[in-house]
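Listing of work.txt; format and content: compact mmCIF, C-alpha atoms.
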```txt
# COMPACT_ATOMS: atom_id res chain seq x y z
CA MET A 279 0.00 0.00 0.00
CA PRO A 280 2.08 2.96 -1.23
CA SER A 281 1.84 6.44 0.29
CA CYS A 282 0.71 8.97 -2.34
CA SER A 283 1.36 12.24 -0.54
CA LEU A 284 1.73 14.02 2.78
CA ALA A 285 0.13 17.29 3.85
CA ARG A 286 1.75 18.72 6.98
CA ASP A 287 0.33 21.35 9.29
CA PRO A 288 2.22 24.53 8.24
CA GLN A 289 1.98 26.05 11.73
CA ASP A 290 5.01 26.03 14.06
CA ILE A 291 2.84 24.94 17.01
CA LYS A 292 1.56 21.60 15.76
CA ARG A 293 -2.06 20.54 16.24
CA ALA A 294 -3.78 17.22 15.69
CA ALA A 295 -5.62 16.57 12.42
CA THR A 296 -8.96 15.69 14.02
CA HIS A 297 -11.19 15.26 10.97
CA VAL A 298 -10.88 14.78 7.20
CA SER A 299 -13.49 15.31 4.48
CA TRP A 300 -13.16 14.43 0.77
CA HIS A 301 -14.27 16.92 -1.88
CA PRO A 302 -17.58 15.54 -3.29
CA ASP A 303 -16.74 16.25 -6.96
CA GLY A 304 -13.95 13.99 -8.12
CA ASN A 305 -12.22 13.83 -4.73
CA ARG A 306 -9.49 16.20 -5.89
CA LYS A 307 -9.29 18.03 -2.57
CA LEU A 308 -9.24 17.34 1.16
CA ALA A 309 -10.64 19.52 3.93
CA VAL A 310 -8.80 18.92 7.21
CA ALA A 311 -9.79 20.19 10.68
CA TYR A 312 -6.99 20.94 13.16
CA SER A 313 -7.40 21.21 16.91
CA CYS A 314 -5.86 20.39 20.29
CA LEU A 315 -8.25 18.07 22.15
CA ASN A 316 -6.40 18.16 25.49
CA PHE A 317 -8.70 20.09 27.82
CA GLN A 318 -7.19 23.45 28.85
CA ARG A 319 -3.77 22.37 27.56
CA ALA A 320 -3.73 24.23 24.25
CA PRO A 321 -0.36 26.00 23.88
CA ALA A 322 -0.36 29.79 23.96
CA GLY A 323 -0.41 31.26 20.48
CA MET A 324 -1.86 28.12 18.85
CA SER A 325 -3.50 28.88 15.50
CA HIS A 326 -7.24 28.33 14.94
CA GLU A 327 -6.86 27.85 11.19
CA SER A 328 -7.91 24.75 9.24
CA TYR A 329 -7.14 24.06 5.58
CA ILE A 330 -8.32 22.75 2.25
CA TRP A 331 -5.58 20.87 0.41
CA GLU A 332 -5.21 20.25 -3.32
CA LEU A 333 -3.96 16.67 -3.70
CA GLU A 334 -1.62 17.55 -6.54
CA ASN A 335 0.05 20.26 -4.45
CA PRO A 336 0.34 19.11 -0.81
CA ASN A 337 3.17 21.55 -0.04
CA ARG A 338 0.86 24.44 0.80
CA PRO A 339 -2.90 24.64 1.48
CA GLU A 340 -5.13 25.89 -1.30
CA ILE A 341 -7.60 27.64 1.03
CA VAL A 342 -7.24 28.74 4.66
CA LEU A 343 -10.38 28.56 6.84
CA LYS A 344 -10.46 30.97 9.79
CA PRO A 345 -12.95 29.91 12.50
CA PRO A 346 -13.55 31.72 15.81
CA SER A 347 -12.37 28.60 17.68
CA PRO A 348 -10.33 25.56 16.52
CA LEU A 349 -12.33 23.11 14.39
CA VAL A 350 -12.88 19.58 15.68
CA THR A 351 -14.91 18.46 12.66
CA LEU A 352 -15.28 19.71 9.07
CA GLU A 353 -17.60 18.44 6.32
CA TYR A 354 -18.13 19.29 2.65
CA ASN A 355 -21.73 19.85 1.57
CA PRO A 356 -22.46 16.95 -0.85
CA LYS A 357 -24.84 19.20 -2.86
CA ASP A 358 -22.58 22.26 -3.04
CA SER A 359 -18.85 21.64 -2.89
CA HIS A 360 -18.16 25.33 -2.19
CA VAL A 361 -19.93 25.09 1.18
CA LEU A 362 -18.37 23.51 4.28
CA LEU A 363 -19.75 22.89 7.77
CA GLY A 364 -17.50 23.05 10.82
CA GLY A 365 -17.95 22.12 14.47
CA CYS A 366 -15.87 24.29 16.79
CA TYR A 367 -14.11 23.46 20.03
CA ASN A 368 -16.17 26.13 21.84
CA GLY A 369 -19.45 24.52 20.69
CA GLN A 370 -20.36 26.86 17.84
CA ILE A 371 -21.39 25.74 14.34
CA ALA A 372 -19.65 27.56 11.49
CA CYS A 373 -20.29 27.56 7.76
CA TRP A 374 -18.00 28.65 4.91
CA ASP A 375 -18.56 29.47 1.26
CA THR A 376 -15.13 29.19 -0.37
CA ARG A 377 -16.24 31.58 -3.14
CA LYS A 378 -16.43 34.30 -0.48
CA GLY A 379 -13.00 33.71 1.03
CA SER A 380 -11.51 32.40 4.27
CA LEU A 381 -13.80 34.06 6.80
CA VAL A 382 -16.89 32.38 8.25
CA ALA A 383 -20.03 32.99 6.19
CA GLU A 384 -22.55 31.86 8.84
CA LEU A 385 -22.03 31.27 12.58
CA SER A 386 -24.34 30.10 15.36
CA THR A 387 -24.68 32.37 18.38
CA ILE A 388 -22.86 31.19 21.51
CA GLU A 389 -25.96 31.24 23.75
CA PHE A 390 -27.83 28.84 21.40
CA SER A 391 -24.83 26.62 20.56
CA HIS A 392 -23.37 23.55 22.22
CA ARG A 393 -21.63 23.95 25.57
CA ASP A 394 -18.82 21.51 24.76
CA PRO A 395 -16.71 20.72 21.66
CA VAL A 396 -18.70 19.61 18.60
CA TYR A 397 -17.42 16.13 17.70
CA GLY A 398 -19.90 15.26 14.96
CA THR A 399 -21.52 17.18 12.08
CA ILE A 400 -23.51 15.65 9.21
CA TRP A 401 -25.30 17.18 6.24
CA LEU A 402 -28.87 15.98 5.66
CA GLN A 403 -29.99 15.09 2.14
CA SER A 404 -32.72 17.70 1.84
CA LYS A 405 -34.13 19.48 -1.21
CA THR A 406 -32.50 22.75 -0.21
CA GLY A 407 -29.13 21.19 0.73
CA THR A 408 -28.96 23.58 3.70
CA GLU A 409 -29.97 21.30 6.59
CA CYS A 410 -27.52 19.61 8.93
CA PHE A 411 -27.16 18.36 12.48
CA SER A 412 -24.45 18.23 15.12
CA ALA A 413 -23.52 16.35 18.29
CA SER A 414 -21.44 17.36 21.28
CA THR A 415 -20.17 15.97 24.55
CA ASP A 416 -22.63 18.32 26.27
CA GLY A 417 -25.21 15.57 25.59
CA GLN A 418 -27.21 17.38 22.93
CA VAL A 419 -27.94 16.72 19.26
CA MET A 420 -29.00 19.85 17.37
CA TRP A 421 -30.54 20.39 13.92
CA TRP A 422 -29.67 23.47 11.91
CA ASP A 423 -30.59 25.28 8.71
CA ILE A 424 -27.59 27.29 7.52
CA ARG A 425 -29.91 29.90 5.98
CA LYS A 426 -30.79 30.84 9.57
CA ILE A 427 -28.02 29.32 11.66
CA SER A 428 -28.21 31.69 14.63
CA GLU A 429 -30.10 29.03 16.61
CA PRO A 430 -31.01 25.34 16.10
CA THR A 431 -34.35 24.27 14.63
CA GLU A 432 -34.56 21.27 16.98
CA VAL A 433 -32.71 19.84 20.01
CA VAL A 434 -32.66 16.29 21.41
CA VAL A 435 -31.11 15.58 24.82
CA MET A 436 -29.29 12.23 25.04
CA ASP A 437 -30.96 11.25 28.33
CA ILE A 438 -31.60 7.49 28.05
CA THR A 439 -33.82 7.64 31.16
CA ARG A 440 -36.18 9.65 28.87
CA LYS A 441 -36.59 12.44 31.44
CA GLU A 442 -34.99 15.00 29.09
CA LEU A 443 -32.60 16.20 31.79
CA LEU A 444 -29.31 17.62 30.53
CA GLU A 445 -27.59 16.59 33.77
CA ASN A 446 -28.38 12.93 32.94
CA ALA A 447 -27.39 13.20 29.27
CA LEU A 448 -24.68 11.03 27.76
CA GLY A 449 -21.91 12.91 25.97
CA ALA A 450 -22.18 12.45 22.19
CA ILE A 451 -18.85 11.89 20.45
CA SER A 452 -19.83 10.29 17.10
CA LEU A 453 -22.81 10.51 14.74
CA GLU A 454 -24.35 8.23 12.11
CA PHE A 455 -27.04 9.06 9.57
CA GLU A 456 -28.04 6.97 6.57
CA SER A 457 -29.95 8.82 3.86
CA THR A 458 -31.97 5.69 2.99
CA LEU A 459 -33.30 5.73 6.59
CA PRO A 460 -34.18 9.44 6.83
CA THR A 461 -36.03 9.29 10.16
CA LYS A 462 -33.29 7.36 12.00
CA PHE A 463 -29.99 8.49 13.40
CA MET A 464 -27.49 6.98 15.83
CA VAL A 465 -25.19 8.53 18.42
CA GLY A 466 -22.00 7.07 19.91
CA THR A 467 -21.36 8.32 23.44
CA GLU A 468 -18.45 8.91 25.81
CA GLN A 469 -19.88 6.21 28.07
CA GLY A 470 -19.51 3.44 25.44
CA ILE A 471 -23.23 3.27 24.62
CA VAL A 472 -24.79 3.62 21.15
CA VAL A 473 -28.15 5.41 21.23
CA SER A 474 -30.56 4.70 18.36
CA CYS A 475 -33.04 7.53 17.78
CA ASN A 476 -36.11 8.37 15.72
CA ARG A 477 -36.24 12.01 14.75
CA LYS A 478 -39.92 11.96 13.75
CA ALA A 479 -41.22 10.66 17.10
CA LYS A 480 -43.91 12.85 18.67
CA THR A 481 -42.17 13.56 21.98
CA SER A 482 -38.51 14.01 22.88
CA ALA A 483 -38.66 10.98 25.17
CA GLU A 484 -39.94 8.79 22.32
CA LYS A 485 -37.12 9.94 20.06
CA ILE A 486 -34.69 7.70 21.99
CA VAL A 487 -35.62 4.23 20.70
CA CYS A 488 -33.04 1.84 22.16
CA THR A 489 -29.41 1.50 23.26
CA PHE A 490 -26.50 -0.86 22.50
CA SER A 491 -23.80 -1.36 25.16
CA GLY A 492 -20.45 -3.05 24.67
CA HIS A 493 -17.52 -0.63 24.85
CA HIS A 494 -15.59 0.36 27.97
CA GLY A 495 -14.86 3.90 26.79
CA PRO A 496 -15.86 6.54 24.23
CA ILE A 497 -17.14 5.38 20.83
CA TYR A 498 -14.94 7.31 18.40
CA ALA A 499 -16.44 5.87 15.21
CA LEU A 500 -19.96 4.75 14.32
CA GLN A 501 -21.00 3.80 10.78
CA ARG A 502 -23.63 1.62 9.13
CA ASN A 503 -22.49 -0.95 6.58
CA PRO A 504 -23.11 0.66 3.15
CA PHE A 505 -24.45 -2.65 1.77
CA TYR A 506 -26.37 -3.89 4.84
CA PRO A 507 -27.52 -0.82 6.85
CA LYS A 508 -29.01 -3.02 9.57
CA ASN A 509 -25.42 -3.83 10.59
CA PHE A 510 -23.12 -1.11 11.91
CA LEU A 511 -19.51 -0.71 13.02
CA THR A 512 -18.33 0.87 16.27
CA VAL A 513 -14.76 1.67 17.31
CA GLY A 514 -13.76 2.42 20.87
CA ASP A 515 -11.39 1.39 23.69
CA TRP A 516 -9.24 -1.45 22.32
CA THR A 517 -11.74 -3.10 19.94
CA ALA A 518 -13.85 -2.66 16.84
CA ARG A 519 -17.32 -4.24 16.95
CA ILE A 520 -20.00 -5.09 14.41
CA TRP A 521 -23.62 -4.95 15.56
CA SER A 522 -27.05 -5.90 14.25
CA GLU A 523 -30.16 -3.85 15.01
CA ASP A 524 -31.92 -7.16 15.71
CA SER A 525 -29.56 -8.03 18.58
CA ARG A 526 -29.40 -5.30 21.21
CA GLU A 527 -27.66 -7.02 24.11
CA SER A 528 -24.35 -7.75 22.42
CA SER A 529 -22.34 -7.13 19.26
CA ILE A 530 -22.36 -10.00 16.76
CA MET A 531 -18.66 -9.78 15.78
CA TRP A 532 -15.63 -8.08 17.29
CA THR A 533 -11.88 -7.84 16.96
CA LYS A 534 -9.46 -8.99 19.61
CA TYR A 535 -8.31 -6.50 22.25
CA HIS A 536 -5.32 -4.58 20.91
CA MET A 537 -2.37 -3.28 22.90
CA ALA A 538 -2.90 0.21 21.45
CA TYR A 539 -6.09 2.25 21.77
CA LEU A 540 -8.30 2.46 18.66
CA THR A 541 -9.12 5.99 17.50
CA ASP A 542 -11.27 5.76 14.35
CA GLY A 543 -12.79 3.34 11.86
CA ALA A 544 -14.78 3.16 8.62
CA TRP A 545 -16.30 0.62 6.23
CA SER A 546 -15.03 0.20 2.70
CA PRO A 547 -17.58 1.83 0.35
CA VAL A 548 -17.05 -0.92 -2.26
CA ARG A 549 -16.57 -4.15 -0.25
CA PRO A 550 -19.14 -5.20 2.40
CA ALA A 551 -16.67 -7.36 4.35
CA VAL A 552 -13.83 -4.83 4.60
CA PHE A 553 -13.33 -2.09 7.18
CA PHE A 554 -10.43 0.09 8.36
CA THR A 555 -9.24 1.12 11.85
CA THR A 556 -6.56 3.48 13.15
CA LYS A 557 -4.64 3.18 16.42
CA MET A 558 -2.63 5.27 18.86
CA ASP A 559 0.61 3.57 17.81
CA GLY A 560 0.32 5.05 14.29
CA THR A 561 -0.94 1.83 12.66
CA LEU A 562 -3.68 1.49 10.05
CA ASP A 563 -5.37 -1.93 10.09
CA ILE A 564 -7.42 -3.28 7.17
CA TRP A 565 -9.87 -6.03 8.11
CA ASP A 566 -11.43 -8.50 5.67
CA PHE A 567 -13.56 -10.88 7.74
CA VAL A 568 -14.34 -13.16 4.79
CA PHE A 569 -10.60 -13.77 4.42
CA LYS A 570 -9.56 -13.65 8.09
CA GLN A 571 -11.51 -13.00 11.31
CA CYS A 572 -8.92 -13.03 14.11
CA ASP A 573 -6.35 -10.66 12.64
CA PRO A 574 -6.31 -7.81 10.13
CA ALA A 575 -5.68 -8.72 6.51
CA LEU A 576 -3.07 -5.94 6.44
CA SER A 577 -1.40 -3.75 9.08
CA LEU A 578 0.55 -0.69 8.01
CA LYS A 579 2.72 1.54 10.19
CA VAL A 580 1.82 4.97 8.81
CA CYS A 581 3.73 7.18 11.27
CA ASP A 582 5.39 7.18 14.69
CA GLU A 583 2.75 9.36 16.37
CA ALA A 584 -0.90 8.49 17.00
CA LEU A 585 -3.38 8.42 14.12
CA PHE A 586 -6.50 10.38 15.08
CA CYS A 587 -8.82 10.07 12.09
CA LEU A 588 -9.35 8.40 8.72
CA ARG A 589 -11.64 8.85 5.74
CA VAL A 590 -12.05 6.51 2.76
CA GLN A 591 -12.57 7.89 -0.74
CA ASP A 592 -15.92 7.02 -2.40
CA THR A 593 -14.21 4.65 -4.86
CA GLY A 594 -12.46 2.82 -2.01
CA CYS A 595 -9.06 3.33 -3.67
CA LEU A 596 -7.64 6.04 -1.38
CA ILE A 597 -7.51 6.54 2.39
CA ALA A 598 -6.65 9.79 4.15
CA CYS A 599 -5.28 9.49 7.71
CA GLY A 600 -4.75 12.41 10.10
CA SER A 601 -2.12 12.23 12.85
CA GLN A 602 -1.51 13.77 16.26
CA LEU A 603 1.12 16.14 14.82
CA GLY A 604 -1.17 17.40 12.05
CA THR A 605 0.18 15.28 9.18
CA THR A 606 -2.41 14.00 6.70
CA THR A 607 -1.17 10.92 4.84
CA LEU A 608 -2.80 9.76 1.63
CA LEU A 609 -2.61 5.99 1.04
CA GLU A 610 -3.49 4.01 -2.07
CA VAL A 611 -5.42 0.78 -1.46
CA SER A 612 -4.47 -2.30 -3.50
CA SER A 613 -6.97 -3.52 -6.11
CA GLY A 614 -7.56 -6.72 -4.12
CA LEU A 615 -8.88 -4.71 -1.17
CA SER A 616 -10.79 -2.15 -3.25
CA THR A 617 -12.53 -4.46 -5.75
CA LEU A 618 -15.72 -6.36 -4.93
CA GLN A 619 -14.91 -10.06 -4.79
CA ARG A 620 -17.03 -12.75 -6.41
CA ASN A 621 -20.08 -13.63 -4.29
CA GLU A 622 -18.75 -11.48 -1.42
CA ARG A 623 -22.15 -9.91 -0.77
CA ASN A 624 -23.82 -13.28 -0.20
CA ILE A 625 -21.02 -14.54 2.05
CA ALA A 626 -21.01 -11.34 4.15
CA SER A 627 -24.81 -11.44 4.42
CA SER A 628 -24.79 -15.09 5.53
CA MET A 629 -22.11 -14.34 8.15
CA PHE A 630 -24.09 -11.39 9.53
CA GLU A 631 -27.27 -13.50 9.69
CA ARG A 632 -25.52 -16.47 11.27
CA GLU A 633 -23.88 -14.39 14.01
CA THR A 634 -27.15 -12.53 14.65
CA ARG A 635 -28.96 -15.86 15.13
CA ARG A 636 -26.22 -17.03 17.47
CA GLU A 637 -26.53 -13.89 19.60
CA LYS A 638 -30.31 -14.23 19.69
CA ILE A 639 -29.90 -17.77 21.02
CA LEU A 640 -27.58 -16.53 23.74
CA GLU A 641 -29.95 -13.68 24.58
CA ALA A 642 -32.80 -16.19 24.96
CA ARG A 643 -30.63 -18.28 27.26
CA HIS A 644 -29.73 -15.22 29.36
CA ARG A 645 -33.40 -14.26 29.67
CA GLU A 646 -34.21 -17.79 30.78
CA MET A 647 -31.47 -17.71 33.42
CA ARG A 648 -32.67 -14.32 34.69
CA LEU A 649 -36.20 -15.68 35.03
CA LYS A 650 -34.84 -18.63 37.01
CA GLU A 651 -32.92 -16.32 39.33
CA LYS A 652 -35.98 -14.13 39.76
CA GLY A 653 -38.09 -17.19 40.58
CA ARG A 654 -35.57 -18.39 43.15
CA ALA A 655 -35.41 -14.94 44.73
CA GLU A 656 -39.20 -14.91 45.04
CA GLY A 657 -39.15 -18.44 46.52
CA LYS A 658 -41.14 -20.03 43.71
CA ASP A 659 -40.71 -23.44 42.18
CA ASP A 660 -39.66 -22.48 38.69
CA ASP A 661 -38.66 -25.91 37.39
CA GLN A 662 -41.77 -26.32 35.25
CA PRO A 663 -41.66 -22.83 33.67
CA ALA A 664 -37.93 -23.24 33.09
CA ASP A 665 -38.57 -26.52 31.28
CA GLU A 666 -41.18 -24.83 29.15
CA LEU A 667 -38.88 -21.87 28.41
CA ALA A 668 -35.74 -23.95 27.84
CA VAL A 669 -34.23 -23.66 24.39
CA ASP A 670 -32.24 -26.47 22.88
CA LEU A 671 -29.17 -24.30 22.40
CA GLN A 672 -26.91 -27.00 21.03
CA ASP A 673 -29.35 -27.92 18.25
CA LEU A 674 -29.87 -24.26 17.31
CA VAL A 675 -26.15 -23.49 17.29
CA ALA A 676 -25.44 -26.69 15.34
CA LYS A 677 -28.12 -25.74 12.82
CA ALA A 678 -26.66 -22.24 12.38
CA GLU A 679 -23.16 -23.66 11.94
CA GLU A 680 -24.43 -26.27 9.48
CA GLU A 681 -26.11 -23.58 7.37
CA PHE A 682 -22.96 -21.46 7.41
CA PHE A 683 -20.61 -24.29 6.48
CA SER A 684 -22.98 -25.44 3.74
CA VAL A 685 -22.59 -21.98 2.15
CA VAL A 686 -18.81 -22.23 2.51
CA PHE A 687 -18.70 -25.75 1.01
CA GLN A 688 -20.92 -24.66 -1.89
CA GLU A 689 -18.48 -21.86 -2.64
CA LEU A 690 -15.54 -24.27 -2.43
CA LYS A 691 -17.28 -26.70 -4.79
CA LYS A 692 -17.97 -23.88 -7.23
CA LYS A 693 -14.33 -22.85 -7.16
CA GLU A 694 -13.17 -26.48 -7.57
CA THR A 695 -15.55 -26.97 -10.51
CA GLU A 696 -14.34 -23.75 -12.13
CA ALA A 697 -10.72 -24.80 -11.58
CA MET A 698 -11.36 -28.24 -13.11
CA GLU A 699 -13.11 -26.70 -16.12
CA LYS A 700 -10.24 -24.26 -16.57
CA LYS A 701 -7.72 -27.11 -16.26
CA SER A 702 -9.57 -29.28 -18.78
CA LYS A 703 -9.75 -26.34 -21.21
CA LEU A 704 -6.02 -25.82 -20.88
CA GLN A 705 -5.40 -29.54 -21.38
CA ARG A 706 -7.62 -29.60 -24.48
CA ARG A 707 -5.88 -26.53 -25.79
CA GLY A 708 -2.51 -28.19 -25.14
CA SER A 709 -3.52 -31.43 -26.87
CA ASP A 710 -4.89 -29.45 -29.84
CA MET A 711 -1.57 -27.64 -30.10
CA GLU A 712 0.30 -30.97 -29.94
CA ASP A 713 -1.91 -32.40 -32.72
CA GLU A 714 -1.26 -29.32 -34.86
CA GLU A 715 2.47 -29.66 -34.23
CA GLU A 716 2.41 -33.34 -35.22
CA GLU A 717 0.50 -32.53 -38.41
CA ARG A 718 3.02 -29.82 -39.28
CA GLU A 719 5.92 -32.25 -38.68
CA ARG A 720 4.21 -34.96 -40.72
CA GLY A 721 3.60 -32.49 -43.55
CA SER A 722 7.24 -31.38 -43.52
CA GLU A 723 8.43 -35.03 -43.61
CA GLU A 724 6.21 -35.75 -46.62
CA GLU A 725 7.64 -32.70 -48.41
CA VAL A 726 11.18 -33.94 -47.74
CA ASP A 727 10.30 -37.44 -49.06
CA GLU A 728 8.86 -35.94 -52.24
CA GLU A 729 12.05 -33.94 -52.82
CA GLU A 730 14.23 -37.06 -52.42
CA LEU A 731 12.28 -39.13 -55.01
CA PRO A 732 14.21 -39.58 -58.35
CA THR A 733 12.83 -37.61 -61.22
```
Transcribe the structure of this file into structure tokens.
Amino acid sequence: MPSCSLARDPQDIKRAATHVSWHPDGNRKLAVAYSCLNFQRAPAGMSHESYIWELENPNRPEIVLKPPSPLVTLEYNPKDSHVLLGGCYNGQIACWDTRKGSLVAELSTIEFSHRDPVYGTIWLQSKTGTECFSASTDGQVMWWDIRKISEPTEVVVMDITRKELLENALGAISLEFESTLPTKFMVGTEQGIVVSCNRKAKTSAEKIVCTFSGHHGPIYALQRNPFYPKNFLTVGDWTARIWSEDSRESSIMWTKYHMAYLTDGAWSPVRPAVFFTTKMDGTLDIWDFVFKQCDPALSLKVCDEALFCLRVQDTGCLIACGSQLGTTTLLEVSSGLSTLQRNERNIASSMFERETRREKILEARHREMRLKEKGRAEGKDDDQPADELAVDLQDLVAKAEEEFFSVVFQELKKKETEAMEKKSKLQRRGSDMEDEEEERERGSEEEVDEEELPT
């Protein structure tokens, strides 16, 4: 995986590259947000500027963006590539129009903005192309219209007790929105919980639908699989996890615990079984769970400092990684990892379904055990209900495994058949060539004999 180019923070006081956004038209440019995320430890004289880089000229930024506070996140508008949305460290939402220069075009007022750094901003796919929403560690998700950005159009408090109390709210640190599911959005929190929400619910309490718990620390990345939106990826603490909306008590797949902390992650936009993660030791891991489940298919040491963010190009061929010292590295992905493999969709789908069934079986078993414990605590004889509720786990697991391996064996048989057909074709081609060679030799011998005959 060769490195294409490096874009280094031009400031003397280095800042972390905290977010990267690809230009929506042709991916010729990168917008990079720079900030110091250490609370009250920003060096004196640290610049607030962020930059837009031209990939063909990474030596100096093409455009300088000047926010009122350092940017934590920065996103291109997919409908208008001249417009960018930024989330500031002081909680404000800023908007730029690059045709008008480096200064902020629209800015939310401080009293109606977030109270903490804005870690997530996403554009909504609306007719006007002016709607967006943001999330902050103050526990609020806010919707905005940049035509009137002075205050939010809607606010949801991430209070999972559904009392709408800001003091109980979970700090939001990552956002997920899928345009094909326009009423749904998901929030990854500092407490390691994913909150699934419905924006169109009647009351604020009803907008929080359910939660998924599994991480020991902040969830730095949250993204639905682009091929199977029911399944989503989370990255936090020392693991990356894959979840299904049908299984709320546990993730269905997960990586091993790494020695280094994971900082970001993303799915491949072209391969359903491939995702990428970055770590504090400067390593980029590429996972292909059809090929290998326990270890990454490829690990690459990008730099000596921590990697803070990554973003995959829409074609899946390029990855941009931002580091703790403000260096943005552009990496080219090999064709094997950026080209959809034969029957990969079906294999990935069957693996997701199999693991979801397995987790449902375990959830049923846990519910049964909890009922038993509850019965014992209440002093009831729960043997009969337990017998009625008991699930033959071994048979169900065996059935799930049998279905999975049957898919695998079918694929192997297909490959063997294709290999045999290819081999037989090559053999036939070889024998045909031998026959032609023999005929040519025989013809040449006959010509020689004719020449030797006496006239």
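Going from atom CA of A:Leu362 to atom CA of A:Val342 covers 12.3 Å.
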- Message: Which residues are near stretch 454-470 of chain A? Cut-off 9 Å, all atoms listed in the file, ignore same chain within fewer than 2 positions. Put them as a PyMOL selection string.
- Response: chain A and resi 398+400-403+413+415+417+419+436+448-452+472-479+490-502+504+507+512+514-515
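Among A:Ala372, A:Val396, A:Val513, A:Ile341, the residue with the shortest atom-to-atom distance to A:Ser529, counting all atoms listed in the file, is A:Val513.
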- Message: When you look at A:Glu389 with a cut-off of 10 Å (counting only C-alpha atoms), what residues show up, excluding the ones that are within fewer than 6 positions of it in the same chain? I need them as a PyMOL selection string.
- Response: chain A and resi 369-370+428-429
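The gap separating atom CA of A:Ala294 from atom CA of A:Arg338 is 17.2 Å, in Å to one decimal.
Between atom CA of A:Arg526 and atom CA of A:Lys638 the separation is 9.1 Å.
Shortest atom-to-atom contact with A:Ser412 among A:Lys426, A:Ala575, A:Thr431, A:Arg707: A:Thr431, counting all atoms listed in the file.
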- Item | Who sits within 6 Å of A:Trp516, all atoms listed in the file, same chain under 5 positions skipped, as a ChimeraX atom specification | /A:535-536,539-540
May I have the selected residues written with C-alpha atoms, as an mmCIF file, in the frame of the given file?
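Just written: again34.cif:
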```
data_model
loop_
_atom_site.group_PDB
_atom_site.id
_atom_site.type_symbol
_atom_site.label_atom_id
_atom_site.label_comp_id
_atom_site.auth_asym_id
_atom_site.auth_seq_id
_atom_site.Cartn_x
_atom_site.Cartn_y
_atom_site.Cartn_z
ATOM 1 C CA TYR A 535 -8.310 -6.500 22.250
ATOM 2 C CA HIS A 536 -5.320 -4.580 20.910
ATOM 3 C CA TYR A 539 -6.090 2.250 21.770
ATOM 4 C CA LEU A 540 -8.300 2.460 18.660
#
```
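When all atoms listed in the file are used to compute distances to A:Leu511, the closest of the residues A:Ser299, A:Thr555, A:Ser386, A:Ser525 turns out to be A:Thr555.
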Given 3 Å on each side, where is the centre and what are the edge lengths in Å to one decimal of the axis-aligned box enclosing the listed atoms of stretch 442-447 of chain A, as JSON?
```
{"center_x": -31.2, "center_y": 15.3, "center_z": 31.4, "size_x": 13.6, "size_y": 10.7, "size_z": 10.7}
```
- From the set A:Val433, A:Val298, A:Leu618, A:Ile625, which residue has the shortest atom-to-atom contact distance to A:Trp331, counting all atoms listed in the file? A:Val298
